[in-house]
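Data from query.cif: mmCIF, C-alpha atoms and all ligand atoms
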data_upload
loop_
_atom_site.label_atom_id
_atom_site.label_comp_id
_atom_site.auth_asym_id
_atom_site.auth_seq_id
_atom_site.Cartn_x
_atom_site.Cartn_y
_atom_site.Cartn_z
CA MET A 4 4.83 -49.29 66.39
CA ALA A 5 1.51 -50.88 65.56
CA VAL A 6 -0.99 -51.23 62.77
CA PHE A 7 -4.50 -50.51 64.04
CA ILE A 8 -7.47 -52.43 62.56
CA THR A 9 -11.11 -51.52 63.18
CA GLY A 10 -13.64 -54.35 62.83
CA VAL A 11 -10.82 -56.77 63.71
CA ALA A 12 -13.21 -59.43 65.09
CA GLY A 13 -15.08 -59.61 61.79
CA PHE A 14 -14.56 -61.99 58.91
CA ILE A 15 -12.03 -59.98 56.89
CA GLY A 16 -10.52 -58.13 59.88
CA CYS A 17 -9.35 -61.29 61.65
CA ASN A 18 -7.89 -62.72 58.42
CA LEU A 19 -6.05 -59.44 57.78
CA ALA A 20 -4.73 -59.31 61.35
CA ARG A 21 -3.43 -62.88 61.08
CA ALA A 22 -1.65 -62.13 57.80
CA MET A 23 0.00 -59.04 59.28
CA LEU A 24 1.07 -60.90 62.42
CA GLU A 25 2.57 -63.65 60.26
CA ARG A 26 4.65 -60.96 58.53
CA GLY A 27 6.03 -59.91 61.91
CA GLU A 28 3.92 -56.76 62.38
CA GLU A 29 2.42 -55.60 65.66
CA VAL A 30 -1.37 -55.38 65.40
CA ALA A 31 -3.96 -53.75 67.65
CA GLY A 32 -7.67 -53.92 66.96
CA PHE A 33 -11.03 -52.62 68.17
CA ASP A 34 -14.48 -54.07 67.55
CA ASN A 35 -17.78 -53.76 69.39
CA LEU A 36 -18.61 -57.41 68.54
CA CYS A 37 -22.02 -56.48 67.13
CA ARG A 38 -21.37 -58.82 64.20
CA GLY A 39 -17.87 -60.12 64.69
CA SER A 40 -17.05 -62.46 67.56
CA ALA A 41 -14.39 -63.01 70.21
CA ALA A 42 -14.09 -66.59 68.91
CA ASN A 43 -12.71 -65.21 65.63
CA LEU A 44 -9.85 -63.70 67.62
CA GLU A 45 -8.96 -66.80 69.66
CA PRO A 46 -6.10 -67.91 67.36
CA LEU A 47 -4.66 -64.36 67.46
CA ARG A 48 -4.88 -63.69 71.16
CA ARG A 49 -2.08 -66.10 71.98
CA ARG A 50 0.33 -63.83 70.12
CA ALA A 51 2.17 -61.17 72.13
CA ALA A 52 2.17 -58.82 69.13
CA PHE A 53 -1.65 -58.72 69.10
CA SER A 54 -3.98 -56.73 71.33
CA PHE A 55 -7.74 -56.29 71.27
CA GLU A 56 -10.31 -54.05 72.97
CA ARG A 57 -14.07 -54.10 72.75
CA ILE A 58 -14.93 -50.53 71.73
CA ASP A 59 -17.90 -49.00 69.95
CA LEU A 60 -16.40 -46.67 67.34
CA ALA A 61 -19.67 -44.75 67.05
CA ASP A 62 -19.16 -43.64 70.67
CA ILE A 63 -16.59 -40.89 70.09
CA ASP A 64 -15.68 -40.42 73.76
CA ALA A 65 -14.97 -44.10 74.39
CA TYR A 66 -13.15 -44.36 71.05
CA ARG A 67 -11.02 -41.25 71.78
CA ARG A 68 -9.99 -42.53 75.23
CA ALA A 69 -9.09 -46.01 74.01
CA LEU A 70 -7.28 -44.95 70.85
CA GLY A 71 -5.35 -42.21 72.63
CA ALA A 72 -4.15 -44.69 75.27
CA LEU A 73 -3.22 -47.27 72.64
CA HIS A 74 -1.30 -44.70 70.57
CA ALA A 75 0.60 -43.55 73.68
CA ARG A 76 1.59 -47.16 74.50
CA SER A 77 2.47 -48.17 70.98
CA PRO A 78 2.51 -45.48 68.27
CA ILE A 79 0.08 -46.31 65.47
CA THR A 80 1.59 -46.05 62.01
CA GLU A 81 -1.45 -46.99 59.92
CA VAL A 82 -5.18 -47.34 60.46
CA TRP A 83 -7.05 -50.07 58.56
CA HIS A 84 -10.73 -49.18 58.84
CA LEU A 85 -12.86 -52.28 58.30
CA ALA A 86 -15.64 -51.80 60.84
CA ALA A 87 -19.04 -51.31 59.22
CA ASN A 88 -22.51 -52.72 59.07
CA SER A 89 -22.31 -55.83 56.88
CA ASP A 90 -26.04 -56.56 56.83
CA ILE A 91 -27.25 -54.62 53.78
CA PRO A 92 -30.98 -55.43 54.19
CA ALA A 93 -30.79 -54.25 57.83
CA GLY A 94 -29.48 -50.89 56.61
CA THR A 95 -32.27 -50.67 54.04
CA ALA A 96 -34.90 -51.37 56.70
CA ASP A 97 -33.38 -48.83 59.10
CA PRO A 98 -31.05 -46.21 57.55
CA ASN A 99 -29.68 -45.39 61.03
CA VAL A 100 -27.76 -48.68 61.00
CA ASP A 101 -25.45 -47.57 58.19
CA LEU A 102 -25.29 -43.97 59.34
CA ARG A 103 -23.92 -45.25 62.65
CA ASP A 104 -21.83 -48.30 61.83
CA THR A 105 -20.75 -47.55 58.25
CA PHE A 106 -20.41 -43.73 58.12
CA MET A 107 -19.93 -42.47 61.69
CA THR A 108 -17.26 -45.10 62.33
CA THR A 109 -15.35 -43.61 59.37
CA PHE A 110 -16.02 -40.02 60.40
CA ASN A 111 -14.88 -40.67 63.98
CA THR A 112 -11.82 -42.57 62.79
CA LEU A 113 -10.77 -39.62 60.60
CA LEU A 114 -11.41 -37.18 63.45
CA LEU A 115 -9.21 -39.14 65.86
CA MET A 116 -6.50 -39.64 63.23
CA LYS A 117 -6.42 -35.84 62.91
CA GLU A 118 -6.17 -35.38 66.68
CA LEU A 119 -3.48 -38.03 67.05
CA ARG A 120 -1.62 -37.09 63.84
CA ILE A 121 -1.84 -40.52 62.26
CA ALA A 122 -1.43 -39.95 58.55
CA THR A 123 -2.15 -43.24 56.71
CA LEU A 124 -5.57 -44.83 56.29
CA ALA A 125 -6.62 -47.99 54.47
CA PHE A 126 -10.37 -48.30 53.93
CA ALA A 127 -12.66 -51.23 53.06
CA SER A 128 -15.03 -49.78 50.50
CA SER A 129 -17.39 -51.76 48.34
CA SER A 130 -18.78 -52.37 44.86
CA ALA A 131 -22.02 -51.04 46.38
CA VAL A 132 -20.78 -47.45 45.80
CA PHE A 133 -21.35 -47.90 42.05
CA GLY A 134 -25.08 -48.69 42.22
CA ASP A 135 -26.76 -50.76 39.52
CA ARG A 136 -24.75 -50.49 36.28
CA GLY A 137 -26.42 -53.47 34.61
CA GLY A 138 -23.45 -55.83 34.86
CA ARG A 139 -21.15 -53.64 32.72
CA LYS A 140 -17.46 -53.94 33.66
CA LEU A 141 -16.73 -51.16 36.14
CA SER A 142 -13.47 -49.27 36.33
CA GLU A 143 -12.37 -46.98 39.14
CA ASP A 144 -13.16 -43.80 37.20
CA GLU A 145 -16.81 -44.77 36.56
CA GLY A 146 -19.24 -41.98 37.44
CA PRO A 147 -21.50 -40.51 38.60
CA LEU A 148 -21.70 -42.99 41.47
CA LEU A 149 -25.35 -43.61 42.36
CA PRO A 150 -25.63 -46.30 45.07
CA ILE A 151 -28.99 -48.08 45.45
CA SER A 152 -28.55 -49.15 49.09
CA ASN A 153 -28.06 -47.03 52.16
CA TYR A 154 -24.98 -49.17 52.87
CA GLY A 155 -23.52 -48.16 49.46
CA ALA A 156 -24.43 -44.54 50.12
CA MET A 157 -22.61 -44.52 53.48
CA LYS A 158 -19.55 -46.23 51.94
CA LEU A 159 -19.50 -43.56 49.22
CA ALA A 160 -19.89 -40.82 51.85
CA SER A 161 -16.95 -42.41 53.70
CA GLU A 162 -14.83 -42.31 50.53
CA ALA A 163 -15.76 -38.62 50.13
CA ALA A 164 -14.77 -37.83 53.73
CA ILE A 165 -11.42 -39.62 53.21
CA SER A 166 -10.80 -37.65 50.01
CA ALA A 167 -11.44 -34.37 51.87
CA ALA A 168 -9.18 -35.42 54.77
CA LEU A 169 -6.32 -35.82 52.29
CA GLU A 170 -6.46 -32.04 51.84
CA THR A 171 -5.86 -31.45 55.53
CA HIS A 172 -4.35 -34.12 57.75
CA LEU A 173 -4.13 -37.43 55.89
CA GLU A 174 -0.98 -38.06 53.87
CA ARG A 175 -1.93 -41.34 52.22
CA ALA A 176 -5.13 -43.31 51.69
CA LEU A 177 -5.76 -46.76 50.26
CA VAL A 178 -9.38 -47.30 49.21
CA PHE A 179 -10.17 -50.92 48.35
CA ARG A 180 -13.45 -51.47 46.53
CA PHE A 181 -14.17 -55.02 47.61
CA PRO A 182 -16.25 -57.48 45.57
CA ASN A 183 -18.15 -60.20 47.47
CA VAL A 184 -15.45 -61.59 49.73
CA ILE A 185 -15.94 -65.19 50.86
CA GLY A 186 -14.27 -67.80 53.06
CA VAL A 187 -14.09 -68.37 56.82
CA PRO A 188 -14.84 -67.46 59.54
CA ALA A 189 -18.02 -66.47 57.69
CA THR A 190 -20.17 -63.98 59.60
CA HIS A 191 -22.71 -63.18 56.85
CA GLY A 192 -23.36 -63.61 53.14
CA VAL A 193 -25.25 -65.77 50.71
CA ILE A 194 -23.23 -68.98 51.19
CA LEU A 195 -23.57 -68.93 54.99
CA ASP A 196 -27.26 -68.16 54.65
CA PHE A 197 -27.84 -71.09 52.25
CA VAL A 198 -25.80 -73.52 54.37
CA ARG A 199 -27.69 -72.60 57.55
CA ARG A 200 -31.10 -72.78 55.91
CA LEU A 201 -30.39 -76.15 54.30
CA ARG A 202 -29.07 -77.64 57.52
CA ALA A 203 -32.23 -76.50 59.32
CA ALA A 204 -34.57 -77.75 56.54
CA PRO A 205 -32.75 -80.15 54.19
CA GLY A 206 -35.74 -80.72 51.86
CA GLU A 207 -35.79 -77.41 50.01
CA LEU A 208 -33.66 -74.32 49.47
CA GLU A 209 -35.66 -71.20 48.76
CA VAL A 210 -33.65 -68.60 46.83
CA LEU A 211 -34.58 -64.89 46.97
CA GLY A 212 -34.75 -63.59 43.40
CA ASP A 213 -34.64 -65.61 40.19
CA GLY A 214 -31.12 -66.95 40.75
CA ASN A 215 -29.67 -65.06 37.79
CA GLN A 216 -28.00 -62.45 39.99
CA GLN A 217 -24.38 -62.54 38.83
CA LYS A 218 -21.60 -61.06 40.94
CA CYS A 219 -17.88 -61.11 41.37
CA TYR A 220 -16.50 -63.28 44.23
CA LEU A 221 -13.02 -63.38 45.71
CA HIS A 222 -11.65 -65.66 48.42
CA VAL A 223 -10.58 -63.79 51.57
CA GLU A 224 -7.03 -65.15 51.26
CA GLU A 225 -6.68 -63.47 47.87
CA MET A 226 -8.40 -60.32 49.15
CA VAL A 227 -5.87 -59.94 51.98
CA ASP A 228 -3.01 -60.69 49.59
CA ALA A 229 -4.26 -57.95 47.21
CA MET A 230 -4.62 -55.38 50.02
CA LEU A 231 -1.09 -55.99 51.26
CA PHE A 232 0.21 -55.85 47.68
CA ILE A 233 -1.49 -52.48 47.08
CA ARG A 234 -0.11 -51.18 50.38
CA ALA A 235 3.42 -52.13 49.28
CA HIS A 236 3.25 -50.90 45.68
CA ALA A 237 0.71 -48.09 45.22
CA ARG A 238 2.45 -44.71 45.21
CA ASP A 239 -0.30 -42.07 44.94
CA LYS A 240 -1.75 -39.98 47.73
CA LEU A 241 -5.22 -41.45 47.10
CA ASN A 242 -4.99 -45.02 45.88
CA CYS A 243 -8.41 -46.38 44.92
CA PHE A 244 -8.58 -49.90 43.51
CA ASN A 245 -11.29 -52.32 42.43
CA VAL A 246 -10.29 -55.74 43.75
CA GLY A 247 -11.94 -58.83 42.33
CA ALA A 248 -11.76 -61.92 40.18
CA ASP A 249 -11.03 -61.35 36.51
CA ASP A 250 -14.34 -62.64 35.15
CA GLU A 251 -18.05 -61.98 34.81
CA GLY A 252 -18.78 -63.42 38.27
CA ALA A 253 -20.79 -66.40 39.49
CA SER A 254 -24.59 -66.67 39.60
CA VAL A 255 -26.72 -67.19 42.69
CA ARG A 256 -28.11 -70.29 40.93
CA PHE A 257 -24.55 -71.71 40.74
CA ILE A 258 -23.98 -70.95 44.42
CA ALA A 259 -27.27 -72.60 45.40
CA GLU A 260 -26.34 -75.71 43.39
CA GLN A 261 -22.90 -75.90 45.00
CA VAL A 262 -24.36 -75.61 48.51
CA VAL A 263 -27.08 -78.19 47.81
CA ARG A 264 -24.51 -80.63 46.39
CA ARG A 265 -22.36 -80.21 49.52
CA ILE A 266 -25.06 -80.12 52.24
CA ALA A 267 -28.22 -81.88 51.08
CA PRO A 268 -27.98 -83.35 47.55
CA GLN A 269 -31.65 -84.42 47.59
CA ALA A 270 -32.95 -80.87 48.24
CA ARG A 271 -35.11 -79.04 45.72
CA ILE A 272 -34.12 -75.45 44.83
CA SER A 273 -36.98 -72.98 44.40
CA PHE A 274 -36.43 -69.53 42.93
CA GLY A 275 -38.29 -66.24 43.46
CA ALA A 276 -39.59 -64.00 40.71
CA GLY A 277 -37.60 -60.75 40.40
CA PRO A 278 -33.98 -60.16 39.37
CA ALA A 279 -32.96 -58.71 42.78
CA GLY A 280 -32.86 -60.66 46.06
CA TRP A 281 -34.02 -57.69 48.20
CA PRO A 282 -34.33 -53.87 47.86
CA GLY A 283 -30.81 -52.49 47.46
CA ASP A 284 -29.42 -55.73 46.01
CA VAL A 285 -27.48 -55.02 42.80
CA PRO A 286 -28.42 -57.96 40.57
CA ARG A 287 -25.30 -57.99 38.35
CA PHE A 288 -21.90 -56.44 38.63
CA SER A 289 -18.42 -57.15 37.38
CA TYR A 290 -15.16 -55.31 37.79
CA SER A 291 -12.43 -54.20 35.51
CA ILE A 292 -9.29 -54.99 37.48
CA ALA A 293 -6.99 -53.54 34.81
CA LYS A 294 -5.64 -50.88 37.20
CA LEU A 295 -4.67 -53.51 39.77
CA ALA A 296 -3.18 -55.73 37.05
CA ARG A 297 -1.03 -52.80 35.90
CA LEU A 298 0.23 -52.45 39.46
CA GLY A 299 1.25 -56.13 39.25
CA TRP A 300 -1.43 -58.13 41.12
CA ARG A 301 -3.75 -60.70 39.53
CA PRO A 302 -6.20 -63.08 41.19
CA ARG A 303 -5.37 -66.78 40.97
CA GLN A 304 -8.95 -68.07 41.24
CA THR A 305 -12.12 -67.40 39.26
CA SER A 306 -15.33 -66.38 41.04
CA ALA A 307 -16.64 -69.95 40.57
CA GLN A 308 -13.47 -71.49 42.06
CA ALA A 309 -13.64 -69.14 45.04
CA VAL A 310 -17.30 -70.08 45.58
CA SER A 311 -16.58 -73.84 45.47
CA ARG A 312 -13.75 -73.44 47.95
CA ALA A 313 -15.76 -71.24 50.32
CA VAL A 314 -18.78 -73.58 50.22
CA ASP A 315 -16.56 -76.37 51.49
CA GLU A 316 -14.96 -74.21 54.19
CA ILE A 317 -18.28 -72.79 55.40
CA ALA A 318 -19.86 -76.26 55.43
CA VAL A 319 -17.07 -77.37 57.79
CA GLN A 320 -17.45 -74.21 59.92
CA GLU A 321 -21.16 -74.98 60.31
CA GLY A 322 -20.50 -78.58 61.34
CA ALA A 323 -21.45 -80.38 58.13
CA ALA A 324 -19.56 -83.65 57.60
N1 LIG A 401 -17.44 -59.42 53.02
C1 LIG A 401 -17.72 -58.78 51.91
O1 LIG A 401 -18.12 -59.39 50.92
C2 LIG A 401 -17.53 -57.28 51.80
C3 LIG A 401 -17.81 -56.67 50.60
C4 LIG A 401 -17.63 -55.29 50.48
C5 LIG A 401 -17.14 -54.56 51.54
N2 LIG A 401 -16.90 -55.19 52.73
C6 LIG A 401 -16.43 -54.38 53.84
O2 LIG A 401 -15.33 -55.00 54.47
C7 LIG A 401 -15.35 -54.73 55.86
C8 LIG A 401 -15.29 -56.01 56.65
O3 LIG A 401 -16.44 -56.80 56.30
P1 LIG A 401 -16.67 -58.26 56.85
O4 LIG A 401 -17.19 -59.06 55.73
O5 LIG A 401 -15.46 -58.72 57.59
O6 LIG A 401 -17.90 -57.98 57.83
P2 LIG A 401 -18.05 -58.33 59.40
O7 LIG A 401 -19.42 -57.94 59.80
O8 LIG A 401 -17.62 -59.74 59.63
O9 LIG A 401 -16.98 -57.35 60.06
C9 LIG A 401 -17.27 -56.01 60.38
C10 LIG A 401 -16.91 -55.82 61.85
O10 LIG A 401 -17.16 -54.47 62.22
C11 LIG A 401 -17.66 -54.49 63.55
N3 LIG A 401 -18.40 -53.26 63.80
C12 LIG A 401 -19.53 -52.82 63.16
N4 LIG A 401 -19.94 -51.67 63.70
C13 LIG A 401 -19.05 -51.34 64.69
C14 LIG A 401 -18.93 -50.27 65.60
N5 LIG A 401 -19.84 -49.28 65.64
N6 LIG A 401 -17.87 -50.26 66.47
C15 LIG A 401 -16.97 -51.26 66.46
N7 LIG A 401 -17.03 -52.31 65.62
C16 LIG A 401 -18.06 -52.35 64.74
C17 LIG A 401 -18.53 -55.75 63.61
O11 LIG A 401 -18.74 -56.22 64.92
C18 LIG A 401 -17.73 -56.72 62.77
O12 LIG A 401 -16.86 -57.50 63.55
C19 LIG A 401 -16.61 -53.90 56.12
O13 LIG A 401 -16.28 -52.54 56.08
C20 LIG A 401 -17.48 -54.24 54.93
O14 LIG A 401 -18.40 -53.21 54.63
C21 LIG A 401 -17.08 -56.53 52.89
#

Re-express the file's structure as structure tokens.
Amino acid sequence: MAVFITGVAGFIGCNLARAMLERGEEVAGFDNLCRGSAANLEPLRRRAAFSFERIDLADIDAYRRALGALHARSPITEVWHLAANSDIPAGTADPNVDLRDTFMTTFNTLLLMKELRIATLAFASSSAVFGDRGGRKLSEDEGPLLPISNYGAMKLASEAAISAALETHLERALVFRFPNVIGVPATHGVILDFVRRLRAAPGELEVLGDGNQQKCYLHVEEMVDAMLFIRAHARDKLNCFNVGADDEGASVRFIAEQVVRRIAPQARISFGAGPAGWPGDVPRFSYSIAKLARLGWRPRQTSAQAVSRAVDEIAVQEGAA
């Protein structure tokens, strides 16, 4: 009996796999390593209860063969679908990126779950499904949902396909609307970007946008804890939850200052003009996490505390003293 994780070699996937293994579960994962890495899996591969295959989930024939064989060896009880494009500007530049890696990976996963009669799906959705709501606190029943990035559109389409599958072959779905999740091993995101740019050119940090972008951040350890809590306690057929810190978020200016202080205290920070960092960037968002609090889970850290912790961890990952 195994839990199957897609995108297992990515940032959140490898943290989730480790947490499940530590709880004594058997875990199998696929990833095509387009953004995740085999190095992220090194600590897991020594464990007998873990297995990994390099598979492109957008290639339905390869995915069908590999998943069918895995399910025959070790029946899959739950699918945790985390594979997606995580480079939002790349998906804005070329909409095919998110059609393929964000939507088709979901569509193919649902198709194979139907064929193999696997009835429980957990899905990594995103705040990007909401679009730009001007920083107002968002609850799960907010609507209409009008994403402003192709990534957000393909996450919303994935949620819609999951909802429809609950009418036919799925028995239970967990839909987690992630905030900005941070920590290590970082594969993308604003902190990693700032750390890398400052290490390459320690004199100045150029920030896209005016620095007033304000978003909700959660450390990956808390994110994994929340997902496993929801899995254990949510009782509906479709369980959709915003997961985040219980605050108004942290600003990009604050993040830039934290990274400069840690990496190159003498560096100057220069800001751009507009409120958004790039097309499709939602400048401000914050979550209502009342539904999750009612279920019994609350974050321990604020967005600012999560940022400070992740800056330190990512600095170490990138070789800063
Ligand atoms: N990190 C965040 O802040 C955040 C926020 C909202 C939602 N999410 C979602 O959480 C999930 C995990 O994100 P992450 O931060 O770990 O990103 P990540 O890029 O580190 O992990 C995603 C993984 O999916 C894999 N992948 C992509 N396309 C694939 C394909 N066609 N076949 C097989 N594997 C494929 C990548 O190689 C990568 O390892 C994603 O679905 C992402 O959209 C993340």

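Closest to Ile317 of chain A among A:Lys240, A:Arg199, A:Lys294, A:Arg264 is A:Arg199, based on only C-alpha atoms.
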
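In terms of minimum interatomic distance to ligand LIG 401 (chain A), A:Ser161 ranks closest within A:Ser161, A:Ser77, A:Gln216, A:Ser54, counting all atoms listed in the file.
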
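Compared by their closest atoms to ligand LIG 401 (chain A), and using only C-alpha atoms and all ligand atoms, the residues A:Tyr154, A:Trp83, A:Phe181, A:Phe126 rank with A:Phe181 nearest.
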
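Taking atom CA of Ile58 of chain A as the reference point, atom O11 of ligand LIG 401 (chain A) is found at 9.7 Å.
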
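Across the model, the gap from atom CA of Phe257 of chain A to atom CA of Ala131 of chain A is 21.6 Å.
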
Self-check item: Contacts of Ala229 of chain A within 9 Å, all atoms listed in the file, excl. fewer than 2 positions in-chain, as JSON, numbers by chain
Solution: {"A": [224, 225, 226, 227, 231, 232, 233, 234, 246, 295, 300, 301, 302]}

Quiz prompt | Within 8 Å of ligand LIG 401 (chain A) (all atoms listed in the file), residues as a count of residues only | solution = 54

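Proximity ranking of A:Arg303, A:Arg287, A:Arg202, A:His222 relative to Ala318 of chain A places A:Arg202 first, based on all atoms listed in the file.
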
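With all atoms listed in the file as the atoms that count, the minimum distance from Leu173 of chain A to the choices A:Glu118, A:Asp101, A:Val223, A:Asn153 is reached by A:Glu118.
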
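Of note, atom CA of Phe7 of chain A and atom CA of Gly32 of chain A are spaced 5.5 Å apart.
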
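With distances restricted to all atoms listed in the file, A:Ala293 is the closest residue to Ser142 of chain A from A:Cys219, A:Val198, A:Ala293, A:Val285.
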
Quiz item: Within 7 Å of Thr80 of chain A, counting all atoms listed in the file, which residues qualify if same-chain residues fewer than 6 places away don't, as a ChimeraX atom specification?
Solution: /A:4-6,121
